[in-house]
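See below for my_file39.txt, which holds compact mmCIF, C-alpha atoms.
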# COMPACT_ATOMS: atom_id res chain seq x y z
CA MET E 509 141.73 142.02 115.85
CA ARG E 510 142.94 143.79 112.69
CA ASN E 511 139.41 143.64 111.29
CA VAL E 512 138.05 145.09 114.51
CA PHE E 513 140.47 148.02 114.38
CA ALA E 514 139.60 148.60 110.70
CA ILE E 515 135.90 148.83 111.63
CA VAL E 516 136.68 151.08 114.62
CA GLY E 517 138.67 153.42 112.35
CA LYS E 518 135.96 153.49 109.71
CA GLU E 519 133.22 154.17 112.27
CA LEU E 520 135.17 156.89 114.07
CA ARG E 521 135.99 158.56 110.75
CA SER E 522 132.31 158.47 109.81
CA TYR E 523 131.52 160.36 113.04
CA PHE E 524 134.11 163.05 112.42
CA VAL E 525 133.67 163.56 108.64
CA SER E 526 129.99 164.32 109.22
CA PRO E 527 128.63 167.09 111.45
CA ILE E 528 127.36 164.47 113.97
CA ALA E 529 130.45 164.43 116.19
CA TYR E 530 130.79 168.21 116.29
CA VAL E 531 127.11 168.86 116.98
CA VAL E 532 126.96 166.20 119.73
CA LEU E 533 130.24 167.28 121.33
CA THR E 534 129.27 170.97 121.22
CA GLY E 535 125.82 170.30 122.67
CA PHE E 536 127.17 168.06 125.41
CA LEU E 537 129.91 170.47 126.46
CA LEU E 538 127.56 173.46 126.24
CA LEU E 539 125.10 171.79 128.61
CA GLY E 540 127.93 170.54 130.83
CA GLY E 541 129.41 174.03 131.03
CA TRP E 542 126.04 175.52 131.87
CA PHE E 543 125.50 173.00 134.68
CA PHE E 544 129.01 173.58 136.00
CA PHE E 545 128.64 177.36 135.97
CA ASN E 546 125.31 177.22 137.82
CA LEU E 547 126.47 174.70 140.40
CA LEU E 548 129.63 176.64 141.09
CA SER E 549 127.68 179.91 141.41
CA ARG E 550 125.31 178.23 143.87
CA PHE E 551 128.27 176.89 145.84
CA ASN E 552 129.85 180.34 146.01
CA LEU E 553 126.57 181.89 147.11
CA LEU E 554 126.09 179.31 149.87
CA LEU E 555 129.66 179.75 151.02
CA SER E 556 129.38 183.53 151.23
CA LEU E 557 126.00 183.27 153.03
CA TYR E 558 127.37 180.86 155.62
CA LEU E 559 130.46 182.96 156.19
CA GLN E 560 128.32 186.05 156.79
CA MET E 561 126.23 184.24 159.40
CA GLN E 562 127.26 184.12 163.04
CA GLN E 563 128.65 180.67 163.82
CA GLY E 564 128.42 180.01 160.09
CA GLY E 565 132.01 178.88 159.94
CA GLU E 566 131.14 175.38 161.06
CA ALA E 567 128.40 175.08 158.44
CA ALA E 568 130.74 176.48 155.80
CA ASN E 569 133.24 173.77 156.68
CA ARG E 570 130.68 171.15 155.75
CA LEU E 571 130.36 172.60 152.23
CA ASN E 572 132.65 170.77 149.87
CA LEU E 573 133.18 170.83 146.14
CA ASN E 574 132.62 167.09 145.73
CA ASP E 575 129.13 167.05 147.23
CA TYR E 576 127.94 170.45 146.02
CA VAL E 577 129.45 170.75 142.54
CA ILE E 578 130.93 167.53 141.15
CA SER E 579 128.28 165.07 142.34
CA PRO E 580 125.26 167.01 140.96
CA LEU E 581 127.25 167.77 137.79
CA MET E 582 127.82 164.04 137.20
CA HIS E 583 124.12 163.28 137.73
CA ASN E 584 123.13 166.03 135.30
CA LEU E 585 125.61 164.77 132.70
CA ALA E 586 124.20 161.25 133.12
CA ILE E 587 120.71 162.52 132.22
CA VAL E 588 122.11 164.27 129.14
CA LEU E 589 123.80 160.99 128.17
CA VAL E 590 120.46 159.16 128.41
CA ILE E 591 119.24 161.41 125.61
CA LEU E 592 122.41 161.81 123.54
CA VAL E 593 123.80 158.27 123.44
CA PRO E 594 120.87 156.73 121.51
CA MET E 595 121.30 159.53 118.94
CA ILE E 596 124.95 158.59 118.51
CA THR E 597 124.34 154.87 118.21
CA MET E 598 121.10 154.98 116.18
CA ARG E 599 122.93 155.01 112.86
CA ALA E 600 125.41 152.20 113.59
CA TYR E 601 123.37 149.39 112.01
CA ALA E 602 120.15 151.11 110.89
CA GLU E 603 121.95 153.38 108.42
CA GLU E 604 123.85 150.47 106.89
CA LYS E 605 120.61 148.53 106.48
CA LYS E 606 118.85 151.49 104.89
CA GLY E 607 121.79 152.31 102.62
CA GLY E 608 122.21 148.71 101.48
CA THR E 609 125.80 148.37 102.73
CA TYR E 610 124.78 145.94 105.48
CA GLU E 611 124.73 142.93 103.15
CA LEU E 612 128.12 144.01 101.84
CA LEU E 613 129.48 144.12 105.37
CA LEU E 614 128.03 140.73 106.29
CA THR E 615 129.39 139.04 103.15
CA SER E 616 132.87 140.49 103.67
CA PRO E 617 135.49 138.20 105.28
CA VAL E 618 134.73 139.58 108.74
CA ARG E 619 133.08 137.64 111.54
CA THR E 620 129.86 138.92 113.09
CA GLY E 621 131.53 139.24 116.47
CA GLU E 622 134.22 141.46 114.94
CA ILE E 623 131.59 143.74 113.38
CA VAL E 624 129.74 144.07 116.69
CA LEU E 625 132.94 144.62 118.67
CA GLY E 626 134.27 147.15 116.15
CA LYS E 627 131.11 149.24 116.14
CA PHE E 628 130.89 149.06 119.92
CA LEU E 629 134.52 150.13 120.45
CA ALA E 630 134.08 153.05 118.04
CA SER E 631 131.02 154.34 119.91
CA PHE E 632 132.74 153.68 123.24
CA LEU E 633 135.80 155.69 122.20
CA PHE E 634 133.58 158.52 121.02
CA ILE E 635 131.78 158.54 124.37
CA CYS E 636 135.15 158.51 126.16
CA ILE E 637 136.17 161.60 124.15
CA MET E 638 132.89 163.28 125.13
CA ILE E 639 133.27 162.50 128.82
CA GLY E 640 137.02 163.14 128.78
CA LEU E 641 136.45 166.70 127.54
CA THR E 642 134.31 167.43 130.59
CA GLY E 643 137.45 166.79 132.66
CA ILE E 644 138.13 170.51 132.28
CA TYR E 645 135.55 171.22 135.01
CA PRO E 646 137.22 169.21 137.80
CA ALA E 647 140.58 170.45 136.51
CA ILE E 648 139.41 174.04 137.15
CA LEU E 649 138.22 173.05 140.61
CA MET E 650 141.54 171.37 141.38
CA LYS E 651 143.42 174.46 140.25
CA PHE E 652 141.49 176.82 142.54
CA GLY E 653 140.10 174.48 145.22
CA ASN E 654 140.74 171.18 146.91
CA PRO E 655 138.22 168.54 145.80
CA GLU E 656 139.00 164.88 146.51
CA THR E 657 140.66 163.47 143.40
CA ALA E 658 139.93 159.81 144.19
CA VAL E 659 136.20 160.55 144.55
CA ILE E 660 136.23 162.40 141.22
CA ALA E 661 137.98 159.43 139.58
CA SER E 662 135.40 157.05 141.07
CA GLY E 663 132.58 159.26 139.73
CA TYR E 664 134.14 159.38 136.27
CA LEU E 665 134.51 155.59 136.27
CA GLY E 666 130.80 155.40 137.08
CA LEU E 667 129.93 157.88 134.33
CA ILE E 668 131.95 155.97 131.73
CA LEU E 669 130.43 152.63 132.76
CA LEU E 670 126.94 154.16 132.67
CA ALA E 671 127.57 155.62 129.20
CA THR E 672 129.00 152.29 128.01
CA VAL E 673 125.81 150.52 129.09
CA PHE E 674 123.82 153.10 127.14
CA VAL E 675 126.06 152.59 124.09
CA ALA E 676 125.62 148.81 124.19
CA VAL E 677 121.84 149.15 124.56
CA GLY E 678 121.69 151.77 121.79
CA LEU E 679 123.63 149.49 119.44
CA LEU E 680 121.26 146.64 120.24
CA THR E 681 118.19 148.71 119.33
CA SER E 682 119.93 149.94 116.17
CA SER E 683 120.61 146.35 115.10
CA LEU E 684 116.92 145.50 115.37
CA THR E 685 115.61 148.01 112.84
CA GLU E 686 116.51 149.83 109.64
CA ASN E 687 114.78 153.02 110.69
CA GLN E 688 117.09 155.40 112.58
CA ILE E 689 114.23 157.21 114.34
CA ILE E 690 112.84 153.93 115.65
CA ALA E 691 116.35 152.92 116.74
CA ALA E 692 116.86 156.22 118.60
CA VAL E 693 113.43 156.26 120.26
CA SER E 694 113.58 152.62 121.36
CA GLY E 695 117.14 153.17 122.58
CA LEU E 696 116.01 156.24 124.53
CA VAL E 697 113.10 154.32 126.07
CA ALA E 698 115.38 151.42 127.05
CA THR E 699 118.07 153.63 128.60
CA LEU E 700 115.51 155.82 130.36
CA LEU E 701 113.84 152.70 131.74
CA LEU E 702 117.19 151.50 133.08
CA TYR E 703 117.61 154.92 134.68
CA ILE E 704 114.20 155.08 136.39
CA ILE E 705 113.39 151.43 136.99
CA GLY E 706 114.26 151.80 140.68
CA TRP E 707 111.66 154.52 141.35
CA PRO E 708 108.90 152.23 142.65
CA ALA E 709 111.38 150.23 144.76
CA GLU E 710 110.28 151.88 148.02
CA THR E 711 106.72 150.61 147.65
CA ALA E 712 107.31 147.43 145.67
CA GLY E 713 107.72 145.07 148.61
CA ASP E 714 110.56 143.06 150.07
CA VAL E 715 111.30 140.92 147.00
CA LEU E 716 110.65 143.20 144.06
CA GLY E 717 111.96 146.36 145.76
CA PRO E 718 115.61 145.29 146.16
CA LEU E 719 115.50 143.68 142.70
CA LEU E 720 114.31 146.92 141.06
CA ARG E 721 116.92 148.87 143.00
CA TYR E 722 119.63 146.49 141.84
CA LEU E 723 118.46 146.72 138.21
CA SER E 724 118.57 150.52 138.26
CA VAL E 725 121.76 152.03 136.83
CA THR E 726 121.16 155.10 139.00
CA GLU E 727 121.71 153.20 142.25
CA HIS E 728 125.09 151.86 141.19
CA PHE E 729 126.12 155.12 139.53
CA ALA E 730 125.13 157.23 142.56
CA GLU E 731 127.22 155.02 144.80
CA MET E 732 130.30 155.49 142.61
CA VAL E 733 129.75 159.25 142.45
CA ARG E 734 129.77 159.31 146.27
CA GLY E 735 133.17 157.62 146.19
CA ILE E 736 132.33 153.97 146.79
CA ILE E 737 133.50 151.43 144.27
CA ASN E 738 131.60 148.22 144.88
CA THR E 739 132.45 144.99 143.04
CA ARG E 740 128.70 144.37 142.90
CA SER E 741 128.24 147.54 140.81
CA LEU E 742 131.15 146.66 138.52
CA VAL E 743 129.69 143.20 137.88
CA TYR E 744 126.28 144.76 137.25
CA PHE E 745 127.60 147.22 134.65
CA LEU E 746 129.77 144.62 132.91
CA SER E 747 126.87 142.16 132.85
CA LEU E 748 124.55 144.67 131.20
CA ILE E 749 127.18 145.58 128.63
CA SER E 750 127.98 141.96 127.78
CA LEU E 751 124.27 141.02 127.64
CA ALA E 752 123.48 143.86 125.23
CA LEU E 753 126.51 143.02 123.06
CA PHE E 754 125.63 139.32 123.06
CA LEU E 755 122.06 140.08 121.95
CA THR E 756 123.38 142.48 119.29
CA GLN E 757 125.65 139.73 117.98
CA ARG E 758 122.67 137.35 117.87
CA SER E 759 120.57 139.97 116.13
CA VAL E 760 123.22 140.63 113.45
CA GLU E 761 123.90 136.92 113.05
CA SER E 762 120.19 136.23 112.57
CA LEU E 763 120.25 137.94 109.17
CA ARG E 764 122.30 135.00 107.87
CA TRP E 765 119.54 132.45 108.50
CA ARG E 766 116.33 134.50 108.58
CA MET C 430 91.39 132.86 109.04
CA ALA C 431 95.19 132.65 109.24
CA ARG C 432 95.25 136.31 110.33
CA LEU C 433 92.71 135.62 113.04
CA GLY C 434 94.84 132.66 114.18
CA SER C 435 97.96 134.80 114.60
CA PHE C 436 95.85 137.40 116.42
CA TYR C 437 94.86 134.70 118.94
CA GLY C 438 98.53 133.85 119.39
CA VAL C 439 99.54 137.43 120.14
CA VAL C 440 96.60 137.93 122.52
CA GLY C 441 97.46 134.67 124.30
CA VAL C 442 101.08 135.66 124.86
CA ILE C 443 100.11 139.16 126.09
CA LEU C 444 97.52 137.77 128.53
CA LEU C 445 100.00 135.24 129.92
CA LEU C 446 102.60 137.99 130.33
CA PHE C 447 100.10 140.16 132.23
CA ALA C 448 99.22 137.21 134.46
CA GLY C 449 102.90 136.49 135.11
CA VAL C 450 103.76 140.09 135.97
CA ALA C 451 100.66 140.50 138.19
CA TYR C 452 101.48 137.29 140.06
CA PHE C 453 105.11 138.31 140.45
CA ILE C 454 104.08 141.62 142.02
CA THR C 455 101.15 140.48 144.18
CA ARG C 456 102.22 136.86 144.92
CA ASP C 457 98.53 135.97 144.92
CA PHE C 458 96.30 134.03 142.53
CA SER C 459 93.77 136.84 142.47
CA PRO C 460 90.82 136.78 140.00
CA TYR C 461 92.81 139.19 137.81
CA VAL C 462 95.69 136.69 137.52
CA VAL C 463 93.41 133.66 137.04
CA ILE C 464 91.30 135.34 134.33
CA HIS C 465 94.41 136.39 132.42
CA LEU C 466 95.98 132.96 132.82
CA VAL C 467 92.90 131.07 131.61
CA GLY C 468 92.26 133.59 128.82
CA GLY C 469 95.88 133.34 127.69
CA PHE C 470 95.83 129.55 127.55
CA LEU C 471 92.49 129.52 125.68
CA ALA C 472 93.80 132.02 123.14
CA LEU C 473 96.94 129.95 122.61
CA ILE C 474 94.89 126.77 122.18
CA ALA C 475 92.75 128.62 119.62
CA TYR C 476 95.91 129.75 117.85
CA PHE C 477 97.41 126.26 117.64
CA ALA C 478 94.06 124.76 116.59
CA SER C 479 93.58 127.27 113.78
CA ALA C 480 97.15 127.00 112.50
CA GLN C 481 97.94 123.29 112.78
CA GLY C 482 99.33 122.95 109.28
CA SER C 483 101.37 126.13 109.32
CA VAL C 484 102.73 125.34 112.81
CA ARG C 485 104.00 121.95 111.55
CA GLY C 486 105.58 123.66 108.56
CA PHE C 487 107.05 126.38 110.77
CA LEU C 488 108.64 123.82 113.09
CA GLY C 489 110.34 122.09 110.17
CA GLU C 490 111.86 125.26 108.73
CA ARG C 491 115.61 125.92 108.85
CA SER C 492 115.10 129.37 110.34
CA THR C 493 113.09 127.87 113.21
CA LYS C 494 115.95 125.55 114.11
CA TYR C 495 118.49 128.38 114.06
CA GLY C 496 116.06 130.66 115.91
CA ALA C 497 115.49 128.08 118.63
CA GLN C 498 119.23 127.61 118.92
CA ALA C 499 119.71 131.39 119.26
CA VAL C 500 117.02 131.58 121.94
CA LEU C 501 118.59 128.65 123.80
CA TYR C 502 122.07 130.20 123.72
CA SER C 503 120.61 133.54 124.87
CA LEU C 504 118.83 131.85 127.79
CA ILE C 505 122.02 130.04 128.81
CA PHE C 506 123.99 133.29 128.62
CA PHE C 507 121.29 135.09 130.61
CA GLY C 508 121.36 132.34 133.23
CA ILE C 509 125.15 132.61 133.57
CA LEU C 510 124.84 136.38 134.04
CA ILE C 511 122.17 135.93 136.73
CA LEU C 512 124.44 133.46 138.53
CA VAL C 513 127.47 135.78 138.34
CA ASN C 514 125.40 138.70 139.63
CA TYR C 515 123.96 136.60 142.45
CA ILE C 516 127.46 135.59 143.55
CA SER C 517 128.69 139.19 143.38
CA VAL C 518 125.71 140.43 145.42
CA LYS C 519 126.37 137.79 148.07
CA ASN C 520 130.11 138.55 148.20
CA PRO C 521 130.46 142.32 147.78
CA HIS C 522 133.73 144.15 148.26
CA ARG C 523 133.61 147.88 148.79
CA PHE C 524 136.43 150.33 148.20
CA ASP C 525 135.94 153.61 150.00
CA MET C 526 137.66 156.26 147.89
CA THR C 527 137.04 159.16 150.28
CA LYS C 528 140.13 160.57 151.97
CA SER C 529 138.65 160.39 155.47
CA GLY C 530 136.95 157.01 154.88
CA ILE C 531 133.47 158.32 155.70
CA PHE C 532 131.80 155.21 154.27
CA SER C 533 134.00 152.79 156.22
CA VAL C 534 133.95 151.54 159.79
CA ALA C 535 136.69 153.33 161.71
CA PRO C 536 139.54 151.16 163.09
CA GLN C 537 138.66 152.38 166.60
CA THR C 538 135.05 151.20 166.20
CA ARG C 539 136.27 147.92 164.81
CA SER C 540 138.60 147.31 167.74
CA VAL C 541 135.86 148.19 170.25
CA LEU C 542 133.42 145.79 168.60
CA GLU C 543 135.99 143.02 168.48
CA LYS C 544 136.55 143.34 172.22
CA LEU C 545 132.87 142.89 173.07
CA ASP C 546 132.19 139.69 174.97
CA LYS C 547 128.44 139.85 175.53
CA PRO C 548 125.36 140.36 173.30
CA LEU C 549 125.31 143.79 171.73
CA GLU C 550 122.31 146.08 171.91
CA ILE C 551 121.83 148.71 169.23
CA ASN C 552 119.15 151.38 169.57
CA ALA C 553 118.31 153.35 166.47
CA PHE C 554 115.91 156.29 166.46
CA VAL C 555 114.37 157.28 163.16
CA GLU C 556 111.55 159.54 162.02
CA ALA C 557 108.07 157.99 161.95
CA GLY C 558 106.68 156.80 158.63
CA SER C 559 108.62 155.77 155.55
CA ASP C 560 112.16 156.91 156.11
CA PRO C 561 114.86 156.12 153.56
CA GLU C 562 117.50 156.85 156.19
CA LEU C 563 116.37 153.71 157.99
CA ARG C 564 117.73 151.68 155.08
CA GLU C 565 121.00 153.58 155.18
CA LEU C 566 121.24 152.91 158.89
CA LEU C 567 120.64 149.20 158.45
CA LEU C 568 123.19 149.11 155.65
CA VAL C 569 125.76 150.56 158.03
CA LEU C 570 124.80 147.94 160.63
CA PHE C 571 125.15 145.16 158.10
CA ALA C 572 128.50 146.56 157.03
CA VAL C 573 129.66 146.29 160.64
CA VAL C 574 128.25 142.78 160.87
CA LEU C 575 129.86 141.63 157.65
CA SER C 576 133.23 143.07 158.61
CA LEU C 577 133.20 141.15 161.88
CA LEU C 578 131.69 137.83 160.93
CA GLN C 579 134.32 135.95 162.90
CA THR C 580 132.81 136.78 166.30
CA TRP C 581 129.76 135.07 167.72
CA ILE C 582 128.43 138.40 169.02
CA VAL C 583 128.09 139.73 165.56
CA ILE C 584 126.36 136.61 164.31
CA GLU C 585 123.86 137.10 167.12
CA LEU C 586 123.36 140.70 166.10
CA PHE C 587 122.93 139.76 162.49
CA PHE C 588 120.31 137.19 163.42
CA MET C 589 118.38 139.63 165.54
CA ILE C 590 118.31 142.30 162.86
CA GLY C 591 117.17 139.87 160.24
CA THR C 592 114.35 138.28 162.19
CA GLU C 593 113.04 140.27 165.07
CA GLY C 594 114.79 143.59 165.49
CA LEU C 595 113.07 145.35 162.62
CA ASN C 596 109.61 144.82 164.04
CA ARG C 597 110.33 145.87 167.56
CA PHE C 598 109.01 149.40 167.62
CA GLY C 599 108.42 151.32 170.81
CA PRO C 600 108.42 154.87 172.13
CA ASP C 601 111.51 156.99 171.80
CA PRO C 602 113.05 157.18 175.30
CA THR C 603 114.57 160.56 174.50
CA ARG C 604 111.10 162.06 173.90
CA SER C 605 108.95 160.24 176.43
CA PRO C 606 109.57 157.94 179.39
CA PRO C 607 109.94 154.30 178.23
CA ASN C 608 106.91 153.11 180.20
CA SER C 609 104.53 155.99 179.49
CA SER C 610 101.33 155.26 177.59
CA GLY C 611 101.31 158.59 175.75
CA PRO C 612 101.50 159.00 171.97
CA VAL C 613 104.59 157.58 170.33
CA GLY C 614 106.67 160.35 168.85
CA HIS C 615 109.25 158.30 167.03
CA PRO C 616 109.57 154.59 166.41
CA THR C 617 112.43 152.90 168.19
CA ILE C 618 114.18 150.01 166.57
CA VAL C 619 115.89 147.69 168.95
CA ALA C 620 118.23 145.05 167.63
CA CYS C 621 119.28 143.17 170.68
CA ALA C 622 119.21 139.87 172.53
Please express what this file holds, its structure, as structure tokens.
Amino acid sequence: MRNVFAIVGKELRSYFVSPIAYVVLTGFLLLGGWFFFNLLSRFNLLLSLYLQMQQGGEAANRLNLNDYVISPLMHNLAIVLVILVPMITMRAYAEEKKGGTYELLLTSPVRTGEIVLGKFLASFLFICIMIGLTGIYPAILMKFGNPETAVIASGYLGLILLATVFVAVGLLTSSLTENQIIAAVSGLVATLLLYIIGWPAETAGDVLGPLLRYLSVTEHFAEMVRGIINTRSLVYFLSLISLALFLTQRSVESLRWR
Amino acid sequence: MARLGSFYGVVGVILLLFAGVAYFITRDFSPYVVIHLVGGFLALIAYFASAQGSVRGFLGERSTKYGAQAVLYSLIFFGILILVNYISVKNPHRFDMTKSGIFSVAPQTRSVLEKLDKPLEINAFVEAGSDPELRELLLVLFAVVLSLLQTWIVIELFFMIGTEGLNRFGPDPTRSPPNSSGPVGHPTIVACA
């Protein structure tokens, strides 16, 4: 594990000594803040409109911060992650291949699995920092309102699992090429496909429809945002992550015999 | 010639993939599927015929052995994941994190259902046409069924929903008399004995 931690430290440092981390974090929080501001303004507007109406009190009671602010915020952040995560992971292997340090890494006394795990944990930690910083929004709501904390926690678990799937897929695409643009674009396509694969489920028939719905990250994520933690969803996310990491390990290993 | 051979190989694989996907979606050996299937096989035969020597050499290479091993391991891993996911889909456990338990069956409902001693009839009224709420409704019904699998009544209900109940559409009794021959406003789903 010492080798893994050494790689994690090196990767995390490489994020923070370059402008990458700061640009990504700033962009993500800027967009998150914009979404939060707009959703909260809309919530306030709806609340004041309902309260002005006769018999609007009952309707106003149905408005809640979880459904009207936090849930749409999480979905918006997920879409931003679809775009940003491949940009974070694109350099993990592709840059090393281009720079010629990949052979050095592979010939060092470190196992392939440790390299893959180290790079994955570094990107995962970076994503956790990104998502963790958005915790300021629910914290503000909790200070001035009464959202359900357990539902927020469930949504954040979903967001982290979703982002981790994107990280694993992004690392896989980065391991397949030495061109960072190709790595980012193919990562974006793969993550976007995972996000929208369930769209034709309604019309795809009795066999393919449920299968497409199950394969879609959105279905599982939406359920967690609503406050339902299903073991089925947890197994789905962990399976995708382990599959992508396994294929990455195979891809990195293949350089030894190709 | 070698280039043309590899071109045949790629075309063959693509045609077979198209045939496979089309069959998976339509479940029918339509002319589209058959043409792609036959074309794919012919292209692959052409590929192997044009590259006999190189294929033999390719099969004997060290990288081929390692590559085949990697593919085999990947397939085994993929199979294990499919199995694990299948088991988890068949045995789901839900944790409702909402304070009021809005996604759970209330204890009162549960106790009422457990006390039932004759076949249960459930009438559900949904909007005509494709309605996603229908799925939500059925999910709730299945949740009730799954939570009460011990009772024979629920097994009966489960059976009826799965086989017959979904297709039993009739007029909405709240909009028109049950025996009237007028236009059907809303479909009625009856899951009952």
- Enter the distance from CA of Leu446 in chain C to CA of Phe477 in chain C, in Å, rounded to one decimal.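 Computing it gives 18.0 Å between the two atoms.
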- Message: As an exercise, work out the distance from CA of Pro580 in chain E to CA of Arg550 in chain E in Å and give it to one decimal place.
- Response: 11.6 Å
- Record the distance separating CA of Leu537 in chain E and CA of Ala647 in chain E, expressed in Å with one decimal.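 That distance, rounded to one decimal, is 14.7 Å.
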- Using all atoms listed in the file, give me every residue within 10 Å of (127.6, 156.4, 114.6) in file coordinates, as a list in words.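 Protein, DNA and RNA residues close to (127.6, 156.4, 114.6): Glu519, Leu520, Arg521, Ser522, Tyr523, Phe524, Ser526, Ile528, Ala529, Val593, Pro594, Met595, Ile596, Thr597, Met598, Arg599, Ala600, Tyr601, Ala602, Glu603, Lys627, Phe628, Ala630, Ser631, Phe634 and Leu679 of chain E.
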Do you have, as a tab-separated table, the list of residues of chain C lying at most 7 Å from chain E, each with its nearest atom pair and that distance in Å to one decimal, counting only C-alpha atoms and ordered by chain then number?
residue	atom	partner	partner_atom	distance
C:Ser492	CA	E:Arg766	CA	5.6
C:Tyr495	CA	E:Trp765	CA	7.0
C:Ala499	CA	E:Arg758	CA	6.8
C:Leu510	CA	E:Ser747	CA	6.2
C:Asn514	CA	E:Val743	CA	6.5
C:Ser517	CA	E:Arg740	CA	5.2
C:Val518	CA	E:Arg740	CA	5.6
C:Pro521	CA	E:Arg740	CA	5.6
C:His522	CA	E:Thr739	CA	5.4
C:Arg523	CA	E:Asn738	CA	4.4
C:Phe524	CA	E:Ile737	CA	5.0
C:Asp525	CA	E:Ile736	CA	4.8
C:Met526	CA	E:Gly735	CA	5.0
C:Thr527	CA	E:Gly735	CA	5.8
- Task: Using only C-alpha atoms, pick whichever of E:Leu720, E:Ala709, E:Leu696, E:Leu763 has the shortest atom-to-atom distance to Val590 in chain E.
- Result: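 Looking only at the distances to Val590 in chain E, the closest residue turns out to be E:Leu696.
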- Message: Under the rule that only C-alpha atoms are counted, which of E:Tyr576, E:Tyr703, E:Phe745, E:Tyr664 is the nearest residue to Leu548 in chain E?
- Response: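 Selected residue with least distance to Leu548 in chain E: E:Tyr576.
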Could you write range 715-727 of chain E as a short mmCIF file (atom, residue, chain, number, x, y, z; two decimals), keeping the file's coordinate frame, with N, CA and C atoms rebuilt where they are missing?
data_model
loop_
_atom_site.label_atom_id
_atom_site.label_comp_id
_atom_site.auth_asym_id
_atom_site.auth_seq_id
_atom_site.Cartn_x
_atom_site.Cartn_y
_atom_site.Cartn_z
N VAL E 715 110.61 141.70 148.04
CA VAL E 715 111.30 140.92 147.00
C VAL E 715 111.58 141.79 145.78
N LEU E 716 110.51 142.42 145.29
CA LEU E 716 110.65 143.20 144.06
C LEU E 716 111.45 144.49 144.29
N GLY E 717 111.29 145.09 145.46
CA GLY E 717 111.96 146.36 145.76
C GLY E 717 113.47 146.29 145.59
N PRO E 718 114.15 145.39 146.34
CA PRO E 718 115.61 145.29 146.16
C PRO E 718 116.02 144.90 144.74
N LEU E 719 115.18 144.09 144.08
CA LEU E 719 115.50 143.68 142.70
C LEU E 719 115.47 144.89 141.76
N LEU E 720 114.43 145.71 141.90
CA LEU E 720 114.31 146.92 141.06
C LEU E 720 115.47 147.87 141.34
N ARG E 721 115.82 147.97 142.62
CA ARG E 721 116.92 148.87 143.00
C ARG E 721 118.22 148.36 142.40
N TYR E 722 118.39 147.06 142.40
CA TYR E 722 119.63 146.49 141.84
C TYR E 722 119.67 146.68 140.32
N LEU E 723 118.50 146.60 139.67
CA LEU E 723 118.46 146.72 138.21
C LEU E 723 118.66 148.16 137.74
N SER E 724 118.47 149.11 138.65
CA SER E 724 118.57 150.52 138.26
C SER E 724 120.03 150.97 138.14
N VAL E 725 120.38 151.53 137.00
CA VAL E 725 121.76 152.03 136.83
C VAL E 725 122.04 153.18 137.79
N THR E 726 120.99 153.92 138.14
CA THR E 726 121.16 155.10 139.00
C THR E 726 121.74 154.73 140.36
N GLU E 727 121.23 153.62 140.93
CA GLU E 727 121.71 153.20 142.25
C GLU E 727 123.22 152.97 142.25
#
